[in-house]
Each structure stands twice: as C-alpha cells, then as structure tokens.
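Structure first, commentary second.
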Amino acid sequence: MTVLKTAHSVFFPLPLLLFITGIQYGDLTLALIAVIAQFVLNVLYAIERLSRRSVFLYFHLAIALFLVFRPTFDLLTGVQWMPDARAGAQFCVTALFITLFLLRLGSMVAEWRQGLVDQRAPLAAPAGQQTLARTQALYALRVAAGIVFVIGFLGLLWLGITKLGYMAGKGYVDYYLISVDENTNIVQRTLATMEPYALCAFLATFPGKKASTVALGLNVVTAIPMLIIGSRGDFVYSALFFILYYVLREVTDGKGTWIGTLEKTVAAIVIPVGIIAMGLVSYIRSNVQVGDATVVDSLIKALYSQGVSFDILSRGFNVDGRIEMLGSKNYTFGGLIDYFVQGPIGHYLFGFTDYGSVNSVQVAVNSNSYSHAMSYFAHPNYLGGEGYGSSYLLELYADYGYVGIGVFSLLFGGLLGYLPRLLKRSWMWGTLALIIILQIFPMPRSSVLDGFHFLYTLQFWFTIAIIWIGAKLLGADALRATVLRSHRPHKPRVLTRGSAALQPSLSCALDAQLPVRTLPLLTVYRRRTQQS
C-alpha cells in the first residue's frame, strides 16, 4: 500500500465526521475545513491511480478553481469567507461537501464493480489501440474526421472573426445584449458547431503526437476572437483540454513519450503565465488599471477572481423562493427542454415562441434557463447585459434539493472514473468520451447538462454521419466493427497444433503487427489457407 493510498484511505472518514460536527454545533468554519479536507483527499485519491482517475482529477481542478480556492484563501488569510447571509453560507458548504464526498464514493463503487467484471473475465490483454490504429477502417475514419475538422475549424474561425466585426467599438457586456443569430448566417453557425465534434472524432482514432498537437493547437486558435472580445472561457477550456489529452495519451499508450522533459518545462512556464494573463483580461474588459503587482499577487488575484462562483451559490440560494414563483420548471434538464421547445423543432414545427438567448425578461421568466432566472432576480444589472451564470449544484438543488445533488454526484463520480476506459473500447465510444471531457469543465459555474447537451443536438449527429459517409467513401472495411464494437478483454482460447481456433488467432496477431498497406495481402493469405 503506497503512502498516497494509505493517506486517502485511512483519513477518508475524517472529513465526514468534521462536517457532521460542524453542522450539528453550527460551526460553519469547521464545516468548511471538512470541505477542504475532503477535496484534498479526493485529489490524493486521483493522483494515486492517475491512469484511471485523470478525468476525476480534471473535474476537481474545475471545482477548485470555481468553488474551493476562494473560501480557502479567505480562511487562511483571516478574511471573512462567509458570503451574504448565514443560511446561504451553510448551503454553500453543505452542497460542496455532498458533491465532493459522493463524487469520491461514486468513483470507488464504479472501480469496485469494474474490478468484479475484470475478475470474471481475466483474459489475455486486448489488442488495444496499437492494433486499432493499424486497421484500414480506423485510418479511413481518421482521414474523414480530419477533413471535417479542418472545415469546422475554418467555419468557427470565420464565425469568431464575424463576431469581432460586429463587436467593434462595443464593450464586453454588450455581447450579451446582441443576438448572434441576427449578425451571422446559418452556414457559419453550422460549420462552427461541427469543429469540437470533429476534433474529438479525430483524436479518438489515436493519431500520432504531431497530428494531435496540430489539431489541439488549432482548437485553441479558434477561441482567440472571443478572448479578444473579453470572454476567457472557451480559450481556457480548449487549453486545458490540450493538456488533458496529452495526459490521457501518456497513461493510455503507456510509452512515456507524450510527456517528457520538454513538455513539463513548457507547462511549468506557460500555465502560471496563462493564469495571470486570464486575470488581466478581467481588468482590461472592466477598464481597470492593473497597478504595480508582483507575479505572485497577480496569480493569486487571477485565481481568486474565478472563485466568484462560491458567492453565486449563496446568491442563488437566497433567491430560490422567488425562482419557485415562476411556476413549474425544470432547470436540470432546462437545456434539453429549451432546445426542443424554443429551438428550430419547436419554433418551426409546433409554433412555439423563440425567446432568443440575450438577457431579457422573456427569457428569464419563460425559459428553463436557471442562469437567466437567477440573474434576473439576483443581479441588479441583468437587463444591462450582466449576469451570474449558474452551477450544477444550484440547478440540482432548485429541482430536487440536496438529494438531487447527492444522486447526481454519485453517478457522475462513477462516470468520471469510467471515461478513460471508454477511449479504449471503440471509435464511437472514444469520441463520446472526449466530447464529454471537453465540455464538463464549466459545470461548477454552469449547467448540469454542459457535458452532455451534444447528445440531443442535430449538429452532433450530422457531423458523425458526415464522417461515417466519408470513411465509407474511402473504402474502409469492417467499419461497423471499428465504430461500434466493444473491445473488451475476451477469454483466451487454448491453442494446440491443428486447432480450429489457431487460424483466427493467427490472423488477429498478424493484423496487430502489420501496417495498413499489408492488409490486402492478409486477405489473400486467409483465402488460400481456407482453400487448403
């Protein structure tokens, strides 16, 4: 048992005891210490088996940035950490502890269950990505996805430049008062929405390091126009996805060639500089002078400013009763409901009103968007283009209370632990896993469905269909098996001289070792052996 495993296992019950004691005696500072302790143990748990828990750690980085760093820093520096009223502060620490504790528990249960499955089928190691990467079908999917990605990249960059054009001379807040649809055309928007899906479809084929780096770099470039406007989110998320994909390939390929001394040195320099630069964007878009500050001060201020979501939890809790007065709504699945009711399907087929996406009374009162409803009641300048955003904790609590937060966190913790495994199953599962990973980071300051909304969009399925058709046109064999088949371990056959099982196994072994150009020769070889 390693030191890390001993630490996060032995001390696992301690935060729960601290939290119960703090709530029982009304000591919210003790309850906050329990939240911090649970977060630290979760991080140690993730680091101890990074190959399985890299995505679990990635999501905790988001929780740290948006929800945990700010109150922790205030507590350590002696500043009043409680936001607004005491009831709101209690909600903050309670919701945070529930989600952290049950994320960990969900991951543990999922690993335990997967361990039972592995024990029941202890088998020869599957062919894995090295075999798949050499199949003709996967190569065709890689080419097709790469072409669609380039088209989507040009479309997204075109859309970003167009946004820059109509935002010229306007402030950052004005962006939320301008309808994107009225200033762009459907071709731009359609091509732009294809880019992240095609990117993940390309990366799910496990391309080489150079090709992956170029694709990930281009994805970062597409976020530059919005960064110039003043929105940091897309740029930060694409940069973090860049890093995480390197980590996933490092632990999945097992070669030690993805993260070397050069990559570690670049990361050590670029990450702190990037955080400071993102903090400067806040000053620039607010027309505030930066002043004379040290590098460490700038870094802390940048991280601290992102933690405003902790205060937003309290503000959302304080206006929860007023939000309930809007009537029967569901904010957890609000994105799904509004997509069909206010989107093209509901608008053109059933005549429902499309309230748009800009800040307005109609959107706040009539839609199922929690961010608009909460900001309408809590933010004094909501109609002026400002807002507070949302959080998956607030949406779950508004619909289902603390039970909703707990159930979702338990299930989501299991999913976070399982996503790295999905990369190895098939191309389609790998694509789905990467898209979810790409989009879950904003959840602590955004919506529950942030990581899953693509599943019900026409744009996603259209992109997958285009890539499938492109791969078929390239003449890929066994495309259905490559896309859909689960590459799970299988029970090894006992092979003897003259065994009927020998030939298929020999063929698989040859496929695993030979490059694409040799596949036609394999076909001829199999036919001859069958005839003899």
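Identifiers in this document derive from the order of the structure tokens: chains are assigned A, B, ..., residues are numbered from 1 separately in each chain, and ligands are numbered from 1 in order of occurrence.
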Handout entry: Distance query Ser314 in chain A at most 12 Å, only C-alpha atoms, self and fewer than 4 positions along chain excluded, as a PyMOL selection string
Key = chain A and resi 67+81-96+308-310+318-320+374+378+388+390-391+393-394
Go ahead and dump the residues you just picked, N, CA and C atoms, as a short mmCIF file (atom, residue, chain, number, x, y, z; two decimals), in the first residue's frame.
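Okay, this is what ended up in selection-v4.cif:
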data_model
loop_
_atom_site.label_atom_id
_atom_site.label_comp_id
_atom_site.auth_asym_id
_atom_site.auth_seq_id
_atom_site.Cartn_x
_atom_site.Cartn_y
_atom_site.Cartn_z
N LEU A 67 -14.92 27.00 -7.06
CA LEU A 67 -15.70 26.88 -5.83
C LEU A 67 -14.88 26.77 -4.54
N TRP A 81 -14.99 34.72 5.16
CA TRP A 81 -15.23 33.88 3.99
C TRP A 81 -16.71 33.66 3.71
N MET A 82 -17.57 33.89 4.70
CA MET A 82 -19.00 33.61 4.52
C MET A 82 -19.63 34.63 3.60
N PRO A 83 -20.25 34.18 2.50
CA PRO A 83 -20.92 35.11 1.61
C PRO A 83 -22.33 35.43 2.10
N ASP A 84 -22.68 36.71 2.12
CA ASP A 84 -24.05 37.14 2.44
C ASP A 84 -24.53 36.57 3.77
N ALA A 85 -25.76 36.04 3.76
CA ALA A 85 -26.39 35.57 4.99
C ALA A 85 -25.82 34.20 5.41
N ARG A 86 -26.02 33.88 6.68
CA ARG A 86 -25.52 32.61 7.23
C ARG A 86 -26.18 31.42 6.55
N ALA A 87 -27.47 31.53 6.23
CA ALA A 87 -28.17 30.41 5.59
C ALA A 87 -27.55 30.11 4.22
N GLY A 88 -27.18 31.16 3.51
CA GLY A 88 -26.53 30.95 2.21
C GLY A 88 -25.17 30.30 2.36
N ALA A 89 -24.42 30.70 3.38
CA ALA A 89 -23.10 30.11 3.62
C ALA A 89 -23.22 28.63 3.98
N GLN A 90 -24.24 28.31 4.78
CA GLN A 90 -24.45 26.91 5.15
C GLN A 90 -24.80 26.08 3.91
N PHE A 91 -25.59 26.64 3.02
CA PHE A 91 -25.91 25.92 1.78
C PHE A 91 -24.64 25.67 0.97
N CYS A 92 -23.78 26.67 0.89
CA CYS A 92 -22.55 26.53 0.10
C CYS A 92 -21.71 25.36 0.58
N VAL A 93 -21.42 25.32 1.88
CA VAL A 93 -20.55 24.26 2.41
C VAL A 93 -21.24 22.90 2.36
N THR A 94 -22.56 22.89 2.58
CA THR A 94 -23.29 21.62 2.54
C THR A 94 -23.32 21.03 1.14
N ALA A 95 -23.66 21.86 0.15
CA ALA A 95 -23.71 21.38 -1.23
C ALA A 95 -22.34 20.93 -1.70
N LEU A 96 -21.29 21.68 -1.33
CA LEU A 96 -19.93 21.32 -1.73
C LEU A 96 -19.49 20.01 -1.09
N VAL A 308 -15.55 33.44 -7.81
CA VAL A 308 -16.79 34.16 -7.50
C VAL A 308 -17.99 33.22 -7.53
N SER A 309 -17.85 32.07 -8.16
CA SER A 309 -18.96 31.11 -8.21
C SER A 309 -19.36 30.63 -6.82
N PHE A 310 -18.42 30.65 -5.87
CA PHE A 310 -18.77 30.27 -4.50
C PHE A 310 -19.79 31.25 -3.92
N ASN A 318 -30.37 32.30 -1.96
CA ASN A 318 -31.17 33.38 -1.36
C ASN A 318 -32.38 33.75 -2.20
N VAL A 319 -32.33 33.54 -3.51
CA VAL A 319 -33.48 33.90 -4.37
C VAL A 319 -34.23 32.65 -4.83
N ASP A 320 -33.95 31.51 -4.20
CA ASP A 320 -34.59 30.27 -4.62
C ASP A 320 -36.11 30.35 -4.49
N MET A 374 -32.06 33.13 -12.30
CA MET A 374 -31.39 33.54 -11.07
C MET A 374 -30.79 34.94 -11.20
N ALA A 378 -31.32 38.19 -8.94
CA ALA A 378 -30.20 38.46 -8.04
C ALA A 378 -29.25 39.53 -8.52
N TYR A 388 -24.87 36.26 -13.46
CA TYR A 388 -24.07 35.47 -12.53
C TYR A 388 -23.75 34.08 -13.06
N SER A 390 -24.45 30.13 -13.60
CA SER A 390 -25.20 29.11 -12.88
C SER A 390 -24.21 28.16 -12.23
N SER A 391 -24.68 27.01 -11.79
CA SER A 391 -23.86 25.94 -11.26
C SER A 391 -24.70 24.67 -11.24
N LEU A 393 -24.73 22.58 -9.02
CA LEU A 393 -25.24 22.43 -7.66
C LEU A 393 -26.53 23.22 -7.46
N LEU A 394 -26.59 24.43 -7.99
CA LEU A 394 -27.79 25.25 -7.85
C LEU A 394 -28.97 24.67 -8.63
#
Exercise for the section: Can you pull out every residue within 6 Å of range 456-469 of chain A, counting only C-alpha atoms, but drop anything in the same chain fewer than 5 positions away, and send it as number ranges by chain? Expected result: A: 144-145, 194
Handout entry: Shell around Leu240 in chain A at 10 Å using only C-alpha atoms, local window under 3 positions removed, as number ranges by chain
Key = A: 58, 220, 234-237, 243-245, 271, 438, 441
Fill in the blank from the handout: Atom pair CA of Gly406 in chain A + CA of Thr99 in chain A, distance 6.1 Å
Handout entry: Close residues, range 163-169 of chain A itself excluded, 7 Å, only C-alpha atoms, min 4 positions apart in chain, as a list in words
Key =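 The residues that qualify are Leu159, Pro225 and Ile229 of chain A.
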Just to be explicit: take each residue in the selection above, keep all heavy atoms, and write the result as an mmCIF file, in the first residue's frame.
data_model
loop_
_atom_site.group_PDB
_atom_site.id
_atom_site.type_symbol
_atom_site.label_atom_id
_atom_site.label_comp_id
_atom_site.auth_asym_id
_atom_site.auth_seq_id
_atom_site.Cartn_x
_atom_site.Cartn_y
_atom_site.Cartn_z
ATOM 1 N N LEU A 159 -16.653 32.459 -37.932
ATOM 2 C CA LEU A 159 -17.682 32.951 -37.018
ATOM 3 C C LEU A 159 -17.072 33.887 -35.979
ATOM 4 O O LEU A 159 -17.647 34.943 -35.663
ATOM 5 C CB LEU A 159 -18.364 31.770 -36.325
ATOM 6 C CG LEU A 159 -19.484 32.115 -35.337
ATOM 7 C CD1 LEU A 159 -20.662 32.756 -36.056
ATOM 8 C CD2 LEU A 159 -19.941 30.867 -34.587
ATOM 9 N N PRO A 225 -10.615 34.891 -31.040
ATOM 10 C CA PRO A 225 -11.546 36.016 -31.251
ATOM 11 C C PRO A 225 -12.404 36.319 -30.030
ATOM 12 O O PRO A 225 -12.579 37.491 -29.666
ATOM 13 C CB PRO A 225 -12.390 35.545 -32.436
ATOM 14 C CG PRO A 225 -11.489 34.641 -33.203
ATOM 15 C CD PRO A 225 -10.698 33.919 -32.154
ATOM 16 N N ILE A 229 -12.625 39.695 -27.514
ATOM 17 C CA ILE A 229 -13.870 40.348 -27.110
ATOM 18 C C ILE A 229 -13.923 40.507 -25.588
ATOM 19 O O ILE A 229 -14.454 41.495 -25.073
ATOM 20 C CB ILE A 229 -15.083 39.547 -27.619
ATOM 21 C CG1 ILE A 229 -15.167 39.636 -29.152
ATOM 22 C CG2 ILE A 229 -16.381 40.045 -26.994
ATOM 23 C CD1 ILE A 229 -16.233 38.750 -29.761
#
